[in-house]
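Asker: Pasting data_0.txt here (compact mmCIF, C-alpha atoms and all ligand atoms):
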# COMPACT_ATOMS: atom_id res chain seq x y z
CA MET A 1148 87.68 59.66 95.74
CA LEU A 1149 89.24 62.92 96.85
CA THR A 1150 90.66 62.67 100.37
CA ILE A 1151 90.29 66.09 101.91
CA THR A 1152 91.25 66.11 105.55
CA ASP A 1153 89.27 68.52 107.66
CA SER A 1154 91.34 71.55 108.65
CA LYS A 1155 90.71 70.84 112.34
CA ASN A 1156 92.80 67.71 111.95
CA SER A 1157 96.42 67.65 111.11
CA LEU A 1158 98.56 65.29 109.12
CA THR A 1159 100.79 64.56 112.06
CA ASP A 1160 102.47 61.41 110.73
CA SER A 1161 105.88 62.08 109.30
CA TYR A 1162 105.84 62.04 105.50
CA ASP A 1163 108.67 61.69 103.03
CA VAL A 1164 107.43 64.85 101.27
CA ALA A 1165 104.91 67.57 102.17
CA VAL A 1166 103.64 69.63 99.23
CA VAL A 1167 102.41 73.16 99.94
CA GLY A 1168 99.67 74.16 97.47
CA ALA A 1169 97.30 71.93 95.47
CA GLY A 1170 97.38 73.76 92.13
CA THR A 1171 98.72 72.22 88.94
CA ALA A 1172 102.39 72.01 89.98
CA GLY A 1173 101.58 70.68 93.46
CA CYS A 1174 99.15 68.02 92.27
CA LEU A 1175 101.48 66.69 89.58
CA ALA A 1176 104.52 66.70 91.91
CA ALA A 1177 102.57 64.86 94.63
CA SER A 1178 101.18 62.34 92.14
CA ILE A 1179 104.57 61.46 90.62
CA LEU A 1180 106.11 61.08 94.07
CA ALA A 1181 103.27 58.91 95.36
CA GLU A 1182 103.55 56.70 92.26
CA SER A 1183 107.28 56.38 92.95
CA GLY A 1184 106.65 55.03 96.46
CA PHE A 1185 107.12 58.19 98.56
CA THR A 1186 104.66 58.99 101.34
CA VAL A 1187 103.20 62.39 100.43
CA CYS A 1188 100.75 64.86 101.93
CA MET A 1189 99.41 68.14 100.57
CA ILE A 1190 98.46 71.30 102.41
CA GLU A 1191 96.21 73.79 100.62
CA LYS A 1192 94.86 77.11 101.81
CA SER A 1193 91.69 76.98 99.68
CA ARG A 1194 88.72 74.63 99.91
CA GLY A 1195 89.64 72.34 97.04
CA VAL A 1196 92.32 71.40 94.54
CA GLY A 1197 93.10 73.19 91.25
CA GLY A 1198 94.59 76.54 92.32
CA ARG A 1199 94.29 78.98 89.42
CA ALA A 1200 92.68 76.23 87.33
CA SER A 1201 89.58 76.60 89.45
CA ARG A 1202 85.90 76.33 88.68
CA ARG A 1203 82.71 77.91 89.98
CA LYS A 1204 79.34 76.19 90.43
CA LEU A 1205 76.53 78.39 89.07
CA ALA A 1206 72.80 77.91 88.69
CA ALA A 1207 72.95 76.50 85.15
CA GLY A 1208 76.21 74.52 85.41
CA VAL A 1209 79.89 74.72 86.32
CA VAL A 1210 82.32 77.16 84.62
CA ASP A 1211 86.09 77.51 84.60
CA LEU A 1212 86.97 80.68 86.46
CA GLY A 1213 90.74 80.59 86.04
CA ALA A 1214 92.75 79.10 83.18
CA PRO A 1215 90.32 78.07 80.44
CA GLY A 1216 92.65 75.43 79.00
CA PHE A 1217 96.27 74.83 78.13
CA SER A 1218 98.53 74.16 75.22
CA ASP A 1219 100.61 71.00 74.76
CA GLU A 1220 103.05 72.74 72.40
CA ARG A 1221 105.83 73.29 74.95
CA LEU A 1222 105.25 69.86 76.53
CA LEU A 1223 105.76 68.11 73.20
CA ARG A 1224 108.62 70.32 72.04
CA GLY A 1225 112.02 68.67 71.75
CA THR A 1226 112.70 64.98 71.97
CA GLN A 1227 113.82 64.26 75.53
CA GLN A 1228 110.59 64.72 77.44
CA ALA A 1229 108.08 64.69 74.58
CA GLN A 1230 107.38 60.96 74.79
CA LEU A 1231 106.74 61.13 78.53
CA TRP A 1232 104.24 63.98 78.08
CA ARG A 1233 102.57 62.28 75.11
CA GLU A 1234 101.98 59.17 77.23
CA ARG A 1235 100.84 61.18 80.21
CA LEU A 1236 98.36 63.25 78.17
CA GLN A 1237 97.09 60.08 76.53
CA HIS A 1238 96.59 58.49 79.96
CA TRP A 1239 94.72 61.55 81.29
CA SER A 1240 92.55 61.55 78.20
CA GLU A 1241 91.75 57.82 78.67
CA GLN A 1242 90.88 58.52 82.30
CA GLY A 1243 88.43 61.17 81.05
CA CYS A 1244 89.93 64.03 83.06
CA VAL A 1245 91.54 65.87 80.11
CA ALA A 1246 89.97 66.42 76.68
CA ARG A 1247 90.87 68.11 73.43
CA TRP A 1248 88.89 71.31 72.89
CA SER A 1249 88.51 72.52 69.27
CA PHE A 1250 87.13 76.02 68.85
CA ALA A 1251 86.61 78.82 66.36
CA VAL A 1252 88.52 82.03 67.11
CA GLY A 1253 87.17 85.43 66.12
CA HIS A 1254 88.70 88.88 66.61
CA PHE A 1255 87.11 91.62 68.70
CA GLY A 1256 85.43 94.16 66.47
CA GLU A 1257 86.39 92.51 63.19
CA GLY A 1258 84.13 90.73 60.76
CA SER A 1259 86.94 88.47 59.48
CA LYS A 1260 86.31 84.74 59.11
CA PRO A 1261 87.08 82.82 62.35
CA SER A 1262 90.07 80.48 62.36
CA ASN A 1263 90.17 77.10 64.12
CA GLU A 1264 92.36 76.24 67.09
CA GLU A 1265 92.81 73.51 69.65
CA ARG A 1266 93.75 73.43 73.31
CA LEU A 1267 93.52 70.87 76.08
CA CYS A 1268 91.21 71.34 79.03
CA GLY A 1269 90.19 69.49 82.17
CA ALA A 1270 86.93 67.56 81.82
CA PRO A 1271 84.19 68.08 82.81
CA SER A 1272 85.88 71.14 84.36
CA MET A 1273 89.50 72.24 84.64
CA ASN A 1274 90.18 70.91 88.14
CA PHE A 1275 89.19 67.32 87.30
CA LEU A 1276 92.80 66.72 86.29
CA HIS A 1277 93.85 67.83 89.77
CA ARG A 1278 91.20 65.65 91.39
CA HIS A 1279 92.42 62.68 89.37
CA LEU A 1280 96.07 63.32 90.33
CA THR A 1281 95.31 63.59 94.06
CA ALA A 1282 92.69 60.83 94.32
CA THR A 1283 94.76 58.76 96.77
CA ILE A 1284 96.80 61.53 98.41
CA PRO A 1285 95.81 63.15 101.73
CA VAL A 1286 95.03 66.83 101.09
CA MET A 1287 94.59 69.11 104.07
CA SER A 1288 92.36 71.91 102.80
CA CYS A 1289 91.54 75.39 104.20
CA SER A 1290 95.03 75.36 105.75
CA ARG A 1291 97.46 78.17 104.98
CA VAL A 1292 101.07 77.33 105.82
CA VAL A 1293 102.66 80.38 107.46
CA ARG A 1294 105.89 78.99 108.89
CA LEU A 1295 108.41 76.26 108.20
CA GLU A 1296 110.56 75.05 111.07
CA ARG A 1297 113.30 72.49 111.43
CA GLU A 1298 113.07 69.66 113.99
CA ASN A 1299 116.26 67.61 113.73
CA THR A 1300 116.23 66.34 110.13
CA ASP A 1301 112.48 66.88 109.65
CA TRP A 1302 110.49 69.92 108.59
CA ILE A 1303 107.44 71.05 110.51
CA LEU A 1304 104.74 72.94 108.62
CA LEU A 1305 102.79 75.36 110.75
CA GLY A 1306 99.65 77.45 110.29
CA GLU A 1307 98.27 80.48 112.10
CA GLN A 1308 98.68 80.42 115.90
CA GLY A 1309 101.30 77.71 115.57
CA ALA A 1310 98.85 75.02 114.39
CA LEU A 1311 100.86 71.95 113.43
CA PHE A 1312 99.85 70.78 109.94
CA ALA A 1313 102.42 68.15 109.10
CA LYS A 1314 105.94 66.82 109.52
CA ALA A 1315 108.04 65.79 106.56
CA ARG A 1316 111.60 65.02 105.56
CA GLN A 1317 111.34 67.17 102.43
CA ILE A 1318 109.12 70.06 101.38
CA ILE A 1319 107.94 71.20 97.98
CA ILE A 1320 106.40 74.67 97.78
CA THR A 1321 104.20 75.43 94.79
CA ALA A 1322 102.53 78.73 95.75
CA PRO A 1323 102.74 81.85 93.57
CA ALA A 1324 105.93 83.88 94.18
CA GLN A 1325 104.10 86.46 96.36
CA GLN A 1326 102.84 83.71 98.66
CA THR A 1327 106.10 81.76 98.64
CA ARG A 1328 108.31 84.74 99.55
CA PRO A 1329 107.02 85.17 103.18
CA LEU A 1330 107.78 81.52 103.96
CA PHE A 1331 111.51 82.18 103.55
CA ASP A 1332 113.01 84.37 106.25
CA TRP A 1333 116.58 83.24 105.68
CA PRO A 1334 118.65 85.09 103.11
CA GLY A 1335 119.62 83.16 100.05
CA PRO A 1336 120.22 83.14 96.33
CA TRP A 1337 116.51 82.42 95.72
CA LEU A 1338 115.27 85.80 96.84
CA PRO A 1339 116.16 87.70 93.62
CA VAL A 1340 114.37 85.00 91.57
CA MET A 1341 111.25 85.35 93.74
CA ASP A 1342 111.38 89.14 93.74
CA ASN A 1343 111.68 89.16 89.96
CA ALA A 1344 108.65 86.87 89.62
CA VAL A 1345 106.68 89.02 92.07
CA ARG A 1346 107.28 92.07 89.85
CA GLN A 1347 106.06 90.15 86.80
CA THR A 1348 102.80 88.85 88.24
CA GLN A 1349 99.70 90.41 86.72
CA ALA A 1350 96.16 90.79 88.04
CA GLN A 1351 93.08 89.98 85.95
CA TRP A 1352 89.31 90.37 86.31
CA VAL A 1353 87.05 87.56 85.14
CA ALA A 1354 83.32 88.07 84.50
CA VAL A 1355 80.83 85.31 83.68
CA LEU A 1356 77.79 85.93 81.47
CA HIS A 1357 74.81 83.62 80.97
CA PHE A 1358 72.64 83.51 77.85
CA SER A 1359 69.39 81.61 78.24
CA THR A 1360 69.68 80.40 74.63
CA ALA A 1361 72.58 79.33 72.41
CA GLN A 1362 74.34 82.04 70.35
CA PRO A 1363 75.42 80.08 67.25
CA GLN A 1364 76.25 83.25 65.28
CA LEU A 1365 79.31 83.84 67.48
CA ALA A 1366 82.78 82.30 67.28
CA ASP A 1367 83.76 80.27 70.41
CA VAL A 1368 86.66 82.47 71.51
CA TYR A 1369 87.38 86.16 70.81
CA ARG A 1370 90.80 87.76 71.10
CA GLY A 1371 92.72 90.68 69.62
CA GLU A 1372 93.53 94.29 70.40
CA HIS A 1373 91.00 95.51 72.93
CA PRO A 1374 91.44 97.96 75.81
CA VAL A 1375 89.25 96.00 78.25
CA LEU A 1376 89.13 92.37 77.14
CA ALA A 1377 92.00 89.97 76.59
CA GLU A 1378 89.77 87.02 75.77
CA ALA A 1379 86.08 86.06 75.68
CA ILE A 1380 85.40 82.33 75.88
CA ARG A 1381 82.24 80.37 75.25
CA ASP A 1382 82.76 78.03 78.20
CA SER A 1383 79.90 75.91 76.88
CA SER A 1384 81.96 75.09 73.76
CA LYS A 1385 84.37 72.97 75.81
CA PRO A 1386 83.94 69.20 75.82
CA PHE A 1387 81.72 67.50 78.43
CA ARG A 1388 80.20 70.72 79.77
CA ARG A 1389 76.55 70.43 80.76
CA HIS A 1390 75.00 73.89 80.75
CA GLU A 1391 71.45 75.10 80.46
CA GLY A 1392 71.73 77.94 77.95
CA GLU A 1393 75.26 79.19 77.36
CA TYR A 1394 78.04 80.52 79.61
CA TRP A 1395 80.66 83.02 78.45
CA VAL A 1396 83.75 83.84 80.51
CA LEU A 1397 85.39 87.23 79.89
CA HIS A 1398 89.04 87.84 80.86
CA SER A 1399 90.19 91.44 81.23
CA THR A 1400 93.50 92.73 79.94
CA PHE A 1401 96.24 93.09 82.57
CA ASN A 1402 96.39 96.87 82.09
CA TRP A 1403 92.66 97.34 82.51
CA ALA A 1404 92.74 95.17 85.66
CA ASP A 1405 95.54 97.34 87.09
CA ASP A 1406 93.47 100.48 86.46
CA HIS A 1407 90.37 98.91 88.06
CA LEU A 1408 91.99 96.87 90.81
CA HIS A 1409 89.83 98.30 93.60
CA ALA A 1410 86.61 98.87 91.63
CA GLN A 1411 83.34 97.27 92.72
CA PRO A 1412 82.88 93.82 91.11
CA GLU A 1413 79.35 94.77 89.91
CA HIS A 1414 80.74 97.81 88.03
CA VAL A 1415 83.64 95.80 86.65
CA ALA A 1416 81.30 93.06 85.38
CA GLN A 1417 78.97 95.59 83.73
CA SER A 1418 81.90 97.34 81.98
CA MET A 1419 83.26 94.02 80.74
CA LYS A 1420 79.84 92.91 79.55
CA GLN A 1421 79.32 96.19 77.63
CA ALA A 1422 82.80 95.87 76.12
CA PHE A 1423 81.95 92.34 74.97
CA LEU A 1424 78.54 93.25 73.52
CA GLY A 1425 80.09 96.30 71.82
CA SER A 1426 82.74 94.22 70.10
CA VAL A 1427 80.82 91.14 68.98
CA GLY A 1428 77.43 92.78 68.31
CA GLY A 1429 74.09 91.21 67.48
CA VAL A 1430 73.51 89.11 70.60
CA ALA A 1431 70.73 88.97 73.19
CA ASP A 1432 71.31 90.68 76.55
CA PRO A 1433 73.05 88.15 78.83
CA ALA A 1434 72.89 88.13 82.63
CA VAL A 1435 76.06 88.80 84.61
CA VAL A 1436 76.29 85.83 86.96
CA SER A 1437 79.75 86.07 88.51
CA CYS A 1438 82.79 88.32 88.75
CA HIS A 1439 86.15 87.47 90.27
CA ARG A 1440 89.40 89.38 90.72
CA TRP A 1441 92.58 87.34 90.43
CA LEU A 1442 95.29 89.42 92.10
CA LEU A 1443 97.97 86.93 91.06
CA ALA A 1444 96.62 85.72 87.73
CA GLN A 1445 99.48 85.23 85.29
CA GLN A 1446 103.17 85.93 84.68
CA ARG A 1447 103.98 88.73 82.25
CA CYS A 1448 107.49 87.62 81.34
CA ALA A 1449 107.82 84.07 80.11
CA SER A 1450 111.33 83.11 81.19
CA GLU A 1451 111.87 79.35 81.52
CA ASP A 1452 114.88 79.88 83.73
CA PRO A 1453 115.56 78.37 86.30
CA GLY A 1454 112.68 75.85 85.87
CA TYR A 1455 112.62 74.93 89.59
CA LEU A 1456 114.57 75.63 92.78
CA TRP A 1457 116.09 72.98 95.04
CA SER A 1458 118.35 72.99 98.10
CA GLN A 1459 119.99 69.65 98.75
CA GLN A 1460 121.25 70.94 102.08
CA LEU A 1461 117.81 71.98 103.33
CA ASN A 1462 115.74 69.33 101.52
CA ILE A 1463 113.37 71.95 100.23
CA GLY A 1464 112.30 72.78 96.68
CA ILE A 1465 110.00 75.10 94.78
CA CYS A 1466 108.17 74.33 91.56
CA ALA A 1467 105.46 76.50 89.99
CA ASP A 1468 104.45 78.28 86.81
CA TRP A 1469 106.56 81.35 87.68
CA LEU A 1470 109.78 79.31 87.44
CA MET A 1471 109.00 77.86 84.02
CA GLY A 1472 107.55 80.56 81.77
CA GLY A 1473 104.06 80.70 83.31
CA GLY A 1474 100.88 78.81 82.43
CA ILE A 1475 99.52 75.36 83.22
CA ASP A 1476 102.15 73.84 80.92
CA GLY A 1477 104.88 75.74 82.80
CA ALA A 1478 103.55 74.48 86.15
CA LEU A 1479 103.47 70.88 84.84
CA MET A 1480 107.02 71.06 83.45
CA SER A 1481 108.42 72.70 86.58
CA ALA A 1482 106.93 69.96 88.80
CA GLN A 1483 108.17 67.19 86.53
CA GLN A 1484 111.70 68.61 86.45
CA LEU A 1485 111.99 69.14 90.20
CA VAL A 1486 110.76 65.72 91.28
CA SER A 1487 112.56 63.71 88.63
CA ALA A 1488 115.89 65.56 88.74
CA GLN A 1489 116.13 66.01 92.51
CA ILE A 1490 113.73 64.27 94.83
CA ILE A 1491 113.26 60.90 93.20
CA LYS A 1492 116.97 60.63 92.45
CA THR A 1493 118.01 61.70 95.96
CA GLY A 1494 115.21 59.79 97.69
CA SER A 1495 116.11 56.51 96.05
CA LYS A 1496 119.76 57.07 96.84
CA GLU A 1497 119.01 57.74 100.52
CA LYS A 1498 116.71 54.74 100.64
CA SER A 1499 119.40 52.48 99.20
CA ASP A 1500 121.95 53.93 101.67
CA GLU A 1501 119.76 52.97 104.64
C1 LIG B 1 92.10 84.30 84.43
C2 LIG B 1 93.23 83.38 84.15
C3 LIG B 1 93.46 82.94 82.86
C4 LIG B 1 94.51 82.06 82.59
N1 LIG B 1 94.70 81.61 81.32
C5 LIG B 1 95.63 80.64 81.09
C6 LIG B 1 95.75 80.02 79.81
O1 LIG B 1 95.02 80.35 78.87
N2 LIG B 1 96.70 79.05 79.65
C7 LIG B 1 97.51 78.67 80.67
O2 LIG B 1 98.34 77.77 80.47
N3 LIG B 1 97.44 79.24 81.88
C8 LIG B 1 96.52 80.22 82.12
N4 LIG B 1 96.43 80.80 83.36
C9 LIG B 1 97.50 80.58 84.33
C10 LIG B 1 97.40 79.22 85.02
O3 LIG B 1 96.16 79.12 85.67
C11 LIG B 1 98.54 79.13 86.01
O4 LIG B 1 99.76 79.37 85.35
C12 LIG B 1 98.63 77.75 86.68
O5 LIG B 1 97.36 77.31 87.09
C13 LIG B 1 99.58 77.88 87.86
O6 LIG B 1 99.70 76.64 88.53
P1 LIG B 1 100.60 76.56 89.83
O7 LIG B 1 100.46 75.20 90.38
O8 LIG B 1 101.97 77.06 89.52
O9 LIG B 1 99.99 77.66 90.85
P2 LIG B 1 98.53 77.76 91.48
O10 LIG B 1 97.51 77.20 90.58
O11 LIG B 1 98.37 79.18 91.90
O12 LIG B 1 98.61 76.83 92.76
C14 LIG B 1 99.21 77.26 93.95
C15 LIG B 1 98.35 76.77 95.11
O13 LIG B 1 99.02 77.09 96.34
C16 LIG B 1 98.05 77.47 97.29
N5 LIG B 1 98.75 78.25 98.32
C17 LIG B 1 99.33 79.46 98.19
N6 LIG B 1 99.92 79.82 99.35
C18 LIG B 1 99.71 78.81 100.22
C19 LIG B 1 100.07 78.59 101.58
N7 LIG B 1 100.81 79.48 102.26
N8 LIG B 1 99.67 77.45 102.19
C20 LIG B 1 98.93 76.52 101.50
N9 LIG B 1 98.55 76.68 100.21
C21 LIG B 1 98.96 77.80 99.57
C22 LIG B 1 97.04 78.26 96.46
O14 LIG B 1 95.78 78.36 97.12
C23 LIG B 1 96.99 77.44 95.18
O15 LIG B 1 95.98 76.46 95.22
C24 LIG B 1 95.37 81.65 83.66
C25 LIG B 1 95.12 82.08 84.96
C26 LIG B 1 94.06 82.92 85.21
C27 LIG B 1 93.79 83.34 86.64
Represent the structure from my file as structure tokens, please.
Ligand SMILES: Cc1cc2nc3c(=O)[nH]c(=O)nc-3n(C[C@H](O)[C@H](O)[C@H](O)COP(=O)(O)OP(=O)(O)OC[C@H]3O[C@@H](n4cnc5c(N)ncnc54)[C@H](O)[C@@H]3O)c2cc1C
Answerer:
Amino acid sequence: MLTITDSKNSLTDSYDVAVVGAGTAGCLAASILAESGFTVCMIEKSRGVGGRASRRKLAAGVVDLGAPGFSDERLLRGTQQAQLWRERLQHWSEQGCVARWSFAVGHFGEGSKPSNEERLCGAPSMNFLHRHLTATIPVMSCSRVVRLERENTDWILLGEQGALFAKARQIIITAPAQQTRPLFDWPGPWLPVMDNAVRQTQAQWVAVLHFSTAQPQLADVYRGEHPVLAEAIRDSSKPFRRHEGEYWVLHSTFNWADDHLHAQPEHVAQSMKQAFLGSVGGVADPAVVSCHRWLLAQQRCASEDPGYLWSQQLNIGICADWLMGGGIDGALMSAQQLVSAQIIKTGSKEKSDE
């Protein structure tokens, strides 16, 4: 059961850790801490959990509107952490919230034979992993944190008009760099890292098409050099999706999104649909059923440095995709590193000092 606290209420108890943002990094960080015995609360500006791994309910089923899936390659790279991630992925798969998605990849405009690939995805939609991770954690939704204040050794998290959201000894911020930056009005060595990430964040348009019948002549995913489309994904090819007909999700290129940032969604969706039909050919005319602009979609530069940020003096940390090379895998690794290297270690030390 997902515990979403109504935004009119506040989490006024004092927690060991308050996590700002219930995307991938926030949900994993909160879950590891709760499992390790910390009292944790989460504060999220949107209605539900998942962040950029979000979904949209449509007439014929639910589709993934943000990240379509993720790779386990970086998680399983090297020896130190690989076993931990293998066990965690296995556990999520046994819990039914993550599944392996095998798909055929074609290239826009080319008749070459599709190749086969695999990724992981949330099941039955991307944010079921996040729902699983936060099942026992209080999440205060529709609540944008705008200010952080100190009260003796505690932090106070405040919303618009000074609304008190929560009190905590430590804070983890997991918002995108653009949304993290305004929370820090004190100068510090973190600002250049944030400013660099802000410059590397790219916008993307996503359009959803619905075919009333299956289109078996197509590959499941299309990629390749295209001026408008970065990727076209048969959402219905993912495991455990229940769709009437077939949903396709089109992702624009970053450059095309930049050039059409302020265009009308209806025009954007029509252009993306025409681009798709023009490059795969031979399909029935689908309906455009949704269009969404992600202003802060993905990181352009995939630097894994510094991984996370932590101030022992202030008891505040940041973990997110933009600190660990982008992507869902980056968000997972950043959260894991911050909580295991800093908070759990420090927390248990302070507890044993008491
Ligand atoms: C179209 C698209 C395609 C993508 N494709 C892929 C892909 O193929 N593979 C892949 O690995 N990744 C992909 N990604 C990127 C992936 O979704 C992100 O890297 C990942 O979800 C980031 O997780 P996060 O926890 O760091 O941040 P987020 O998911 O952005 O979570 C941050 C959360 O903080 C909340 N928040 C922000 N400010 C505040 C505030 N002040 N107060 C309270 N809450 C706040 C936000 O609402 C959000 O829920 C894609 C993203 C998009 C949009």
Asker: Please identify the residues whose atoms come within 7 Å of ligand LIG 1 (chain B), using only C-alpha atoms and all ligand atoms, and report them as a VMD selection string.
Answerer: chain A and resid 1167 to 1173 1190 to 1193 1196 to 1200 1212 to 1218 1290 to 1293 1321 to 1323 1326 to 1327 1351 to 1353 1398 1441 1444 to 1445 1467 to 1469 1473 to 1478
Asker: Around the point (99.7, 65.8, 98.8) (coordinates from the file), which residues reach within 6 Å if we count all atoms listed in the file? Answer as number ranges by chain.
Answerer: A: 1166, 1177, 1187-1189, 1284-1286
Asker: So how far away is atom CA of Pro1271 of chain A from atom CA of Val1245 of chain A, in Å?
Answerer: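 Spanning atom CA of Val1245 of chain A to atom CA of Pro1271 of chain A is a straight-line distance of 8.1 Å.
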Asker: Residues near segment 1416-1423 of chain A, anyone? I mean within 9 Å using all atoms listed in the file, not counting same-chain ones fewer than 3 positions away, as a PyMOL selection string.
Answerer: chain A and resi 1255+1352-1356+1373-1376+1379+1397-1399+1411-1413+1426-1428+1433-1439
Asker: Using only C-alpha atoms, which residue out of A:Ser1384, A:Gln1489, A:Thr1360, A:Gln1483 lies closest to Trp1232 of chain A?
Answerer: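 Nearest candidate to Trp1232 of chain A out of A:Ser1384, A:Gln1489, A:Thr1360, A:Gln1483: A:Gln1483.
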Asker: Go through A:His1238, A:Lys1385, A:Arg1233, A:His1414 and flag the residue nearest His1279 of chain A, using only C-alpha atoms for the distances.
Answerer: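 With only C-alpha atoms as the atom set, the closest residue is A:His1238.
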Asker: Have a look at atom CA of Ala1350 of chain A and atom CA of Leu1305 of chain A and let me know their distance in Å, one decimal.
Answerer: 28.2 Å
Asker: Atom CA of Phe1275 of chain A and atom CA of Arg1316 of chain A, how far apart in Å?
Answerer: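 One can read the atom CA of Arg1316 of chain A to atom CA of Phe1275 of chain A distance as 29.0 Å.
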Asker: Measuring between all atoms listed in the file, which one of A:Val1396, A:Arg1297, A:Gln1347, A:Glu1391 shows the shortest distance to Ala1206 of chain A?
Answerer: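 When distances to Ala1206 of chain A are compared using all atoms listed in the file, the smallest one comes from A:Glu1391.
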Asker: Smallest atom-to-atom distance to Arg1389 of chain A: which of A:Val1210, A:Val1164, A:Ala1282, A:Cys1466, using only C-alpha atoms?
Answerer: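 Comparing A:Val1210, A:Val1164, A:Ala1282, A:Cys1466 against Arg1389 of chain A, the winner is A:Val1210.
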Asker: The centre and edge lengths of an axis-aligned box containing all atoms of segment 1349-1352 of chain A present in the file, extended by 3 Å on each side, are to be given in Å to one decimal, as AutoDock Vina command-line options.
Answerer:
--center_x 94.5 --center_y 90.4 --center_z 87.0 --size_x 16.4 --size_y 6.8 --size_z 8.1
Asker: Pick the closest to Val1486 of chain A from A:Gly1464, A:Gly1258, A:Gly1472, A:Gly1425: which is it, counting only C-alpha atoms?
Answerer: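 Checking each of A:Gly1464, A:Gly1258, A:Gly1472, A:Gly1425 against Val1486 of chain A, counting only C-alpha atoms, the winner is A:Gly1464.
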Asker: Which of these residues is nearest to Leu1295 of chain A, using all atoms listed in the file: A:Ile1463, A:Leu1223, A:Gly1392, A:Trp1403?
Answerer: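 Ranked by minimum distance to Leu1295 of chain A, first place goes to A:Ile1463.
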Asker: From (99.6, 62.3, 83.1), in the file's coordinates, out to 10 Å: which residues are reached, counting all atoms listed in the file? Answer as a PyMOL selection string.
Answerer: chain A and resi 1175+1178-1179+1231-1240+1242+1244-1245+1276+1279-1280+1479
Asker: Write out as a list of chain:residue names which residues come within 12 Å of Leu1338 of chain A when counting only C-alpha atoms, dropping same-chain ones fewer than 5 positions away.
Answerer: A:Ala1324, A:Gln1325, A:Thr1327, A:Arg1328, A:Pro1329, A:Leu1330, A:Phe1331, A:Asp1332, A:Trp1333, A:Asn1343, A:Ala1344, A:Val1345, A:Leu1456
